[in-house]
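Chemist: my_file.txt is reproduced in full below (compact mmCIF, N, CA and C atoms).
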# COMPACT_ATOMS: atom_id res chain seq x y z
N MET A 1 -31.31 -21.83 33.62
CA MET A 1 -30.09 -22.57 33.39
C MET A 1 -28.89 -21.80 33.91
N GLU A 2 -28.92 -20.51 33.69
CA GLU A 2 -27.81 -19.67 34.12
C GLU A 2 -27.72 -19.61 35.64
N ARG A 3 -28.86 -19.59 36.32
CA ARG A 3 -28.87 -19.53 37.79
C ARG A 3 -28.29 -20.82 38.38
N ALA A 4 -28.58 -21.94 37.78
CA ALA A 4 -28.06 -23.21 38.29
C ALA A 4 -26.54 -23.25 38.16
N ALA A 5 -26.02 -22.72 37.07
CA ALA A 5 -24.57 -22.70 36.87
C ALA A 5 -23.90 -21.77 37.88
N SER A 6 -24.53 -20.61 38.17
CA SER A 6 -23.93 -19.70 39.13
C SER A 6 -24.00 -20.28 40.55
N ARG A 7 -25.07 -20.99 40.87
CA ARG A 7 -25.16 -21.64 42.18
C ARG A 7 -24.11 -22.75 42.31
N LEU A 8 -23.88 -23.47 41.21
CA LEU A 8 -22.88 -24.53 41.23
C LEU A 8 -21.48 -23.93 41.44
N LYS A 9 -21.21 -22.82 40.75
CA LYS A 9 -19.92 -22.15 40.93
C LYS A 9 -19.76 -21.70 42.38
N GLN A 10 -20.80 -21.15 42.94
CA GLN A 10 -20.72 -20.65 44.30
C GLN A 10 -20.66 -21.76 45.32
N SER A 11 -21.34 -22.85 45.09
CA SER A 11 -21.39 -23.91 46.10
C SER A 11 -20.05 -24.62 46.25
N TRP A 12 -19.32 -24.81 45.18
CA TRP A 12 -18.04 -25.51 45.33
C TRP A 12 -16.95 -24.60 45.89
N THR A 13 -17.18 -23.28 45.90
CA THR A 13 -16.18 -22.38 46.46
C THR A 13 -16.38 -22.14 47.96
N VAL A 14 -17.49 -22.61 48.51
CA VAL A 14 -17.77 -22.38 49.92
C VAL A 14 -16.66 -22.95 50.82
N PRO A 15 -16.19 -24.18 50.62
CA PRO A 15 -15.10 -24.67 51.47
C PRO A 15 -13.82 -23.84 51.32
N LEU A 16 -13.56 -23.34 50.13
CA LEU A 16 -12.37 -22.52 49.93
C LEU A 16 -12.47 -21.20 50.68
N TRP A 17 -13.65 -20.59 50.63
CA TRP A 17 -13.85 -19.33 51.35
C TRP A 17 -13.77 -19.56 52.86
N ALA A 18 -14.32 -20.68 53.32
CA ALA A 18 -14.26 -20.99 54.75
C ALA A 18 -12.81 -21.20 55.20
N PHE A 19 -12.03 -21.89 54.38
CA PHE A 19 -10.63 -22.12 54.70
C PHE A 19 -9.86 -20.79 54.73
N GLU A 20 -10.14 -19.92 53.77
CA GLU A 20 -9.48 -18.62 53.75
C GLU A 20 -9.86 -17.80 54.98
N TRP A 21 -11.12 -17.81 55.34
CA TRP A 21 -11.57 -17.07 56.52
C TRP A 21 -10.87 -17.60 57.77
N LEU A 22 -10.77 -18.93 57.90
CA LEU A 22 -10.12 -19.54 59.05
C LEU A 22 -8.64 -19.16 59.12
N THR A 23 -7.95 -19.24 58.00
CA THR A 23 -6.52 -18.92 58.01
C THR A 23 -6.27 -17.44 58.28
N GLU A 24 -7.17 -16.57 57.84
CA GLU A 24 -7.02 -15.15 58.15
C GLU A 24 -7.14 -14.91 59.66
N TRP A 25 -8.08 -15.59 60.31
CA TRP A 25 -8.24 -15.44 61.75
C TRP A 25 -7.05 -16.03 62.50
N VAL A 26 -6.54 -17.16 62.04
CA VAL A 26 -5.37 -17.75 62.68
C VAL A 26 -4.18 -16.81 62.56
N ALA A 27 -4.00 -16.21 61.39
CA ALA A 27 -2.89 -15.27 61.20
C ALA A 27 -3.07 -14.05 62.10
N TYR A 28 -4.29 -13.58 62.25
CA TYR A 28 -4.54 -12.43 63.12
C TYR A 28 -4.23 -12.75 64.58
N VAL A 29 -4.67 -13.91 65.03
CA VAL A 29 -4.44 -14.29 66.43
C VAL A 29 -2.95 -14.49 66.69
N LEU A 30 -2.27 -15.16 65.77
CA LEU A 30 -0.85 -15.43 65.97
C LEU A 30 0.02 -14.18 65.80
N SER A 31 -0.48 -13.18 65.10
CA SER A 31 0.31 -11.96 64.92
C SER A 31 0.47 -11.21 66.24
N ASN A 32 -0.43 -11.43 67.17
CA ASN A 32 -0.33 -10.77 68.47
C ASN A 32 0.39 -11.63 69.51
N TRP A 33 0.93 -12.76 69.12
CA TRP A 33 1.59 -13.68 70.03
C TRP A 33 3.08 -13.38 70.05
N SER A 34 3.60 -12.94 71.17
CA SER A 34 5.00 -12.50 71.25
C SER A 34 5.98 -13.66 71.14
N PHE A 35 5.53 -14.89 71.43
CA PHE A 35 6.41 -16.05 71.31
C PHE A 35 6.91 -16.22 69.87
N LEU A 36 6.08 -15.89 68.90
CA LEU A 36 6.51 -16.00 67.49
C LEU A 36 7.60 -14.99 67.18
N GLU A 37 7.57 -13.83 67.81
CA GLU A 37 8.65 -12.86 67.61
C GLU A 37 9.96 -13.40 68.15
N VAL A 38 9.90 -14.08 69.29
CA VAL A 38 11.10 -14.68 69.86
C VAL A 38 11.64 -15.75 68.91
N LEU A 39 10.77 -16.57 68.35
CA LEU A 39 11.22 -17.59 67.40
C LEU A 39 11.83 -16.95 66.16
N GLU A 40 11.28 -15.84 65.72
CA GLU A 40 11.84 -15.14 64.55
C GLU A 40 13.24 -14.63 64.84
N TYR A 41 13.44 -14.06 66.03
CA TYR A 41 14.77 -13.58 66.41
C TYR A 41 15.75 -14.74 66.52
N LEU A 42 15.31 -15.85 67.09
CA LEU A 42 16.19 -17.01 67.22
C LEU A 42 16.58 -17.58 65.86
N SER A 43 15.67 -17.56 64.90
CA SER A 43 16.01 -18.06 63.57
C SER A 43 17.03 -17.15 62.90
N SER A 44 16.89 -15.84 63.07
CA SER A 44 17.88 -14.91 62.52
C SER A 44 19.23 -15.12 63.19
N PHE A 45 19.22 -15.36 64.49
CA PHE A 45 20.44 -15.62 65.22
C PHE A 45 21.08 -16.92 64.74
N GLY A 46 20.28 -17.92 64.46
CA GLY A 46 20.79 -19.19 63.95
C GLY A 46 21.47 -19.04 62.61
N VAL A 47 20.90 -18.22 61.74
CA VAL A 47 21.53 -17.98 60.44
C VAL A 47 22.86 -17.27 60.62
N LEU A 48 22.92 -16.33 61.53
CA LEU A 48 24.17 -15.62 61.81
C LEU A 48 25.24 -16.59 62.31
N ILE A 49 24.88 -17.47 63.22
CA ILE A 49 25.82 -18.46 63.74
C ILE A 49 26.31 -19.39 62.62
N ALA A 50 25.41 -19.81 61.74
CA ALA A 50 25.79 -20.68 60.63
C ALA A 50 26.79 -19.99 59.70
N VAL A 51 26.58 -18.72 59.42
CA VAL A 51 27.50 -17.97 58.55
C VAL A 51 28.86 -17.83 59.23
N ILE A 52 28.87 -17.57 60.52
CA ILE A 52 30.13 -17.45 61.25
C ILE A 52 30.91 -18.76 61.20
N PHE A 53 30.24 -19.89 61.45
CA PHE A 53 30.91 -21.19 61.38
C PHE A 53 31.38 -21.50 59.97
N TYR A 54 30.60 -21.12 58.96
CA TYR A 54 30.98 -21.38 57.58
C TYR A 54 32.30 -20.70 57.25
N PHE A 55 32.42 -19.42 57.62
CA PHE A 55 33.65 -18.70 57.31
C PHE A 55 34.80 -19.09 58.23
N SER A 56 34.51 -19.48 59.46
CA SER A 56 35.59 -19.87 60.37
C SER A 56 36.21 -21.20 59.97
N GLU A 57 35.45 -22.06 59.30
CA GLU A 57 35.98 -23.35 58.88
C GLU A 57 36.43 -23.35 57.42
N SER A 58 36.51 -22.20 56.79
CA SER A 58 36.89 -22.16 55.38
C SER A 58 38.34 -22.61 55.18
N GLY A 59 39.22 -22.37 56.15
CA GLY A 59 40.60 -22.82 56.04
C GLY A 59 40.69 -24.33 56.01
N ASP A 60 39.86 -25.00 56.78
CA ASP A 60 39.85 -26.47 56.79
C ASP A 60 39.39 -27.02 55.45
N ARG A 61 38.44 -26.36 54.82
CA ARG A 61 37.97 -26.82 53.51
C ARG A 61 39.05 -26.66 52.47
N LEU A 62 39.85 -25.59 52.55
CA LEU A 62 40.93 -25.40 51.60
C LEU A 62 42.01 -26.46 51.79
N LYS A 63 42.26 -26.90 53.03
CA LYS A 63 43.25 -27.94 53.28
C LYS A 63 42.80 -29.28 52.71
N GLN A 64 41.51 -29.55 52.69
CA GLN A 64 40.99 -30.82 52.20
C GLN A 64 40.88 -30.87 50.69
N LYS A 65 40.95 -29.75 50.03
CA LYS A 65 40.78 -29.69 48.58
C LYS A 65 41.98 -30.35 47.90
N PRO A 66 41.76 -31.32 47.00
CA PRO A 66 42.90 -31.95 46.34
C PRO A 66 43.54 -31.01 45.33
N LEU A 67 44.82 -31.19 45.14
CA LEU A 67 45.56 -30.39 44.16
C LEU A 67 45.22 -30.84 42.75
N PRO A 68 45.22 -29.92 41.79
CA PRO A 68 44.94 -30.31 40.40
C PRO A 68 46.00 -31.30 39.89
N GLY A 69 45.57 -32.37 39.26
CA GLY A 69 46.48 -33.36 38.70
C GLY A 69 46.93 -34.40 39.69
N VAL A 70 46.63 -34.26 40.96
CA VAL A 70 47.06 -35.20 41.98
C VAL A 70 45.88 -36.06 42.45
N ALA A 71 44.70 -35.82 41.95
CA ALA A 71 43.51 -36.50 42.46
C ALA A 71 43.53 -37.99 42.17
N GLY A 72 44.23 -38.45 41.14
CA GLY A 72 44.24 -39.85 40.79
C GLY A 72 45.20 -40.68 41.60
N ARG A 73 46.04 -40.12 42.39
CA ARG A 73 47.06 -40.87 43.13
C ARG A 73 46.57 -41.37 44.44
Now, as a test, write the supplied structure out as structure tokens.
Modeler:
Amino acid sequence: MERAASRLKQSWTVPLWAFEWLTEWVAYVLSNWSFLEVLEYLSSFGVLIAVIFYFSESGDRLKQKPLPGVAGR
């Protein structure tokens, strides 16, 4: 009875182990791909550009902010 339960536990985990094995190999292959490094640098550059635009347009946001007590007019 105990052997059947252990086989059942092991048999349903086979697809999970196969998926883990596959994803580990995909991660290994992609880790050596230099194009992903370029994408990583571009994403960091994009965040930098977004922060620059956010602070450069902060004066416009202050101009659009309604004055206290005047919002109902």
Chemist: Please report the interatomic distance between atom C of Gly59 in chain A and CA of Leu42 in chain A in Å with one decimal.
Modeler: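 Distance reported for this atom pair: 27.9 Å.
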Chemist: Could you check how far CA of Leu16 in chain A sits from atom N of Ser31 in chain A, in Å to one decimal?
Modeler: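 One can read the CA of Leu16 in chain A to atom N of Ser31 in chain A distance as 21.4 Å.
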Chemist: So the first atom is atom C of Glu20 in chain A and the second is atom C of Leu36 in chain A; what is the distance between them in Å, to one decimal place?
Modeler: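 Spanning atom C of Glu20 in chain A to atom C of Leu36 in chain A is a straight-line distance of 21.5 Å.
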Chemist: Can we get range 5-52 of chain A of that structure written down with C-alpha atoms, as an mmCIF file, in the first residue's frame?
Modeler:
data_model
loop_
_atom_site.group_PDB
_atom_site.id
_atom_site.type_symbol
_atom_site.label_atom_id
_atom_site.label_comp_id
_atom_site.auth_asym_id
_atom_site.auth_seq_id
_atom_site.Cartn_x
_atom_site.Cartn_y
_atom_site.Cartn_z
ATOM 1 C CA ALA A 5 1.167 5.870 -2.616
ATOM 2 C CA SER A 6 4.827 6.736 -3.237
ATOM 3 C CA ARG A 7 4.480 5.857 -6.938
ATOM 4 C CA LEU A 8 1.367 8.029 -7.140
ATOM 5 C CA LYS A 9 3.238 10.924 -5.531
ATOM 6 C CA GLN A 10 6.105 10.500 -7.947
ATOM 7 C CA SER A 11 4.003 10.030 -11.060
ATOM 8 C CA TRP A 12 2.077 13.282 -10.749
ATOM 9 C CA THR A 13 5.293 15.250 -10.196
ATOM 10 C CA VAL A 14 6.889 14.048 -13.436
ATOM 11 C CA PRO A 15 5.395 16.875 -15.568
ATOM 12 C CA LEU A 16 6.522 19.414 -12.969
ATOM 13 C CA TRP A 17 10.075 18.087 -12.975
ATOM 14 C CA ALA A 18 10.106 18.056 -16.779
ATOM 15 C CA PHE A 19 8.907 21.660 -16.874
ATOM 16 C CA GLU A 20 11.572 22.689 -14.360
ATOM 17 C CA TRP A 21 14.274 20.910 -16.352
ATOM 18 C CA LEU A 22 13.112 22.626 -19.560
ATOM 19 C CA THR A 23 13.041 26.092 -17.998
ATOM 20 C CA GLU A 24 16.513 25.605 -16.509
ATOM 21 C CA TRP A 25 17.892 24.786 -19.961
ATOM 22 C CA VAL A 26 16.092 27.743 -21.532
ATOM 23 C CA ALA A 27 17.556 30.037 -18.867
ATOM 24 C CA TYR A 28 21.022 28.596 -19.485
ATOM 25 C CA VAL A 29 20.805 29.065 -23.256
ATOM 26 C CA LEU A 30 19.422 32.590 -22.991
ATOM 27 C CA SER A 31 22.013 33.619 -20.405
ATOM 28 C CA ASN A 32 24.675 33.357 -23.110
ATOM 29 C CA TRP A 33 22.666 35.449 -25.598
ATOM 30 C CA SER A 34 24.101 38.964 -25.825
ATOM 31 C CA PHE A 35 20.887 40.386 -27.309
ATOM 32 C CA LEU A 36 19.245 40.065 -23.878
ATOM 33 C CA GLU A 37 22.009 42.197 -22.385
ATOM 34 C CA VAL A 38 21.256 44.885 -24.947
ATOM 35 C CA LEU A 39 17.563 44.742 -24.029
ATOM 36 C CA GLU A 40 18.474 45.042 -20.352
ATOM 37 C CA TYR A 41 20.561 48.154 -21.024
ATOM 38 C CA LEU A 42 17.774 49.665 -23.128
ATOM 39 C CA SER A 43 15.236 49.087 -20.356
ATOM 40 C CA SER A 44 17.508 50.829 -17.842
ATOM 41 C CA PHE A 45 17.952 53.673 -20.312
ATOM 42 C CA GLY A 46 14.173 53.888 -20.725
ATOM 43 C CA VAL A 47 13.679 54.235 -16.983
ATOM 44 C CA LEU A 48 16.273 57.008 -16.901
ATOM 45 C CA ILE A 49 14.500 58.868 -19.718
ATOM 46 C CA ALA A 50 11.140 58.505 -17.931
ATOM 47 C CA VAL A 51 12.581 59.970 -14.712
ATOM 48 C CA ILE A 52 14.119 62.881 -16.629
#
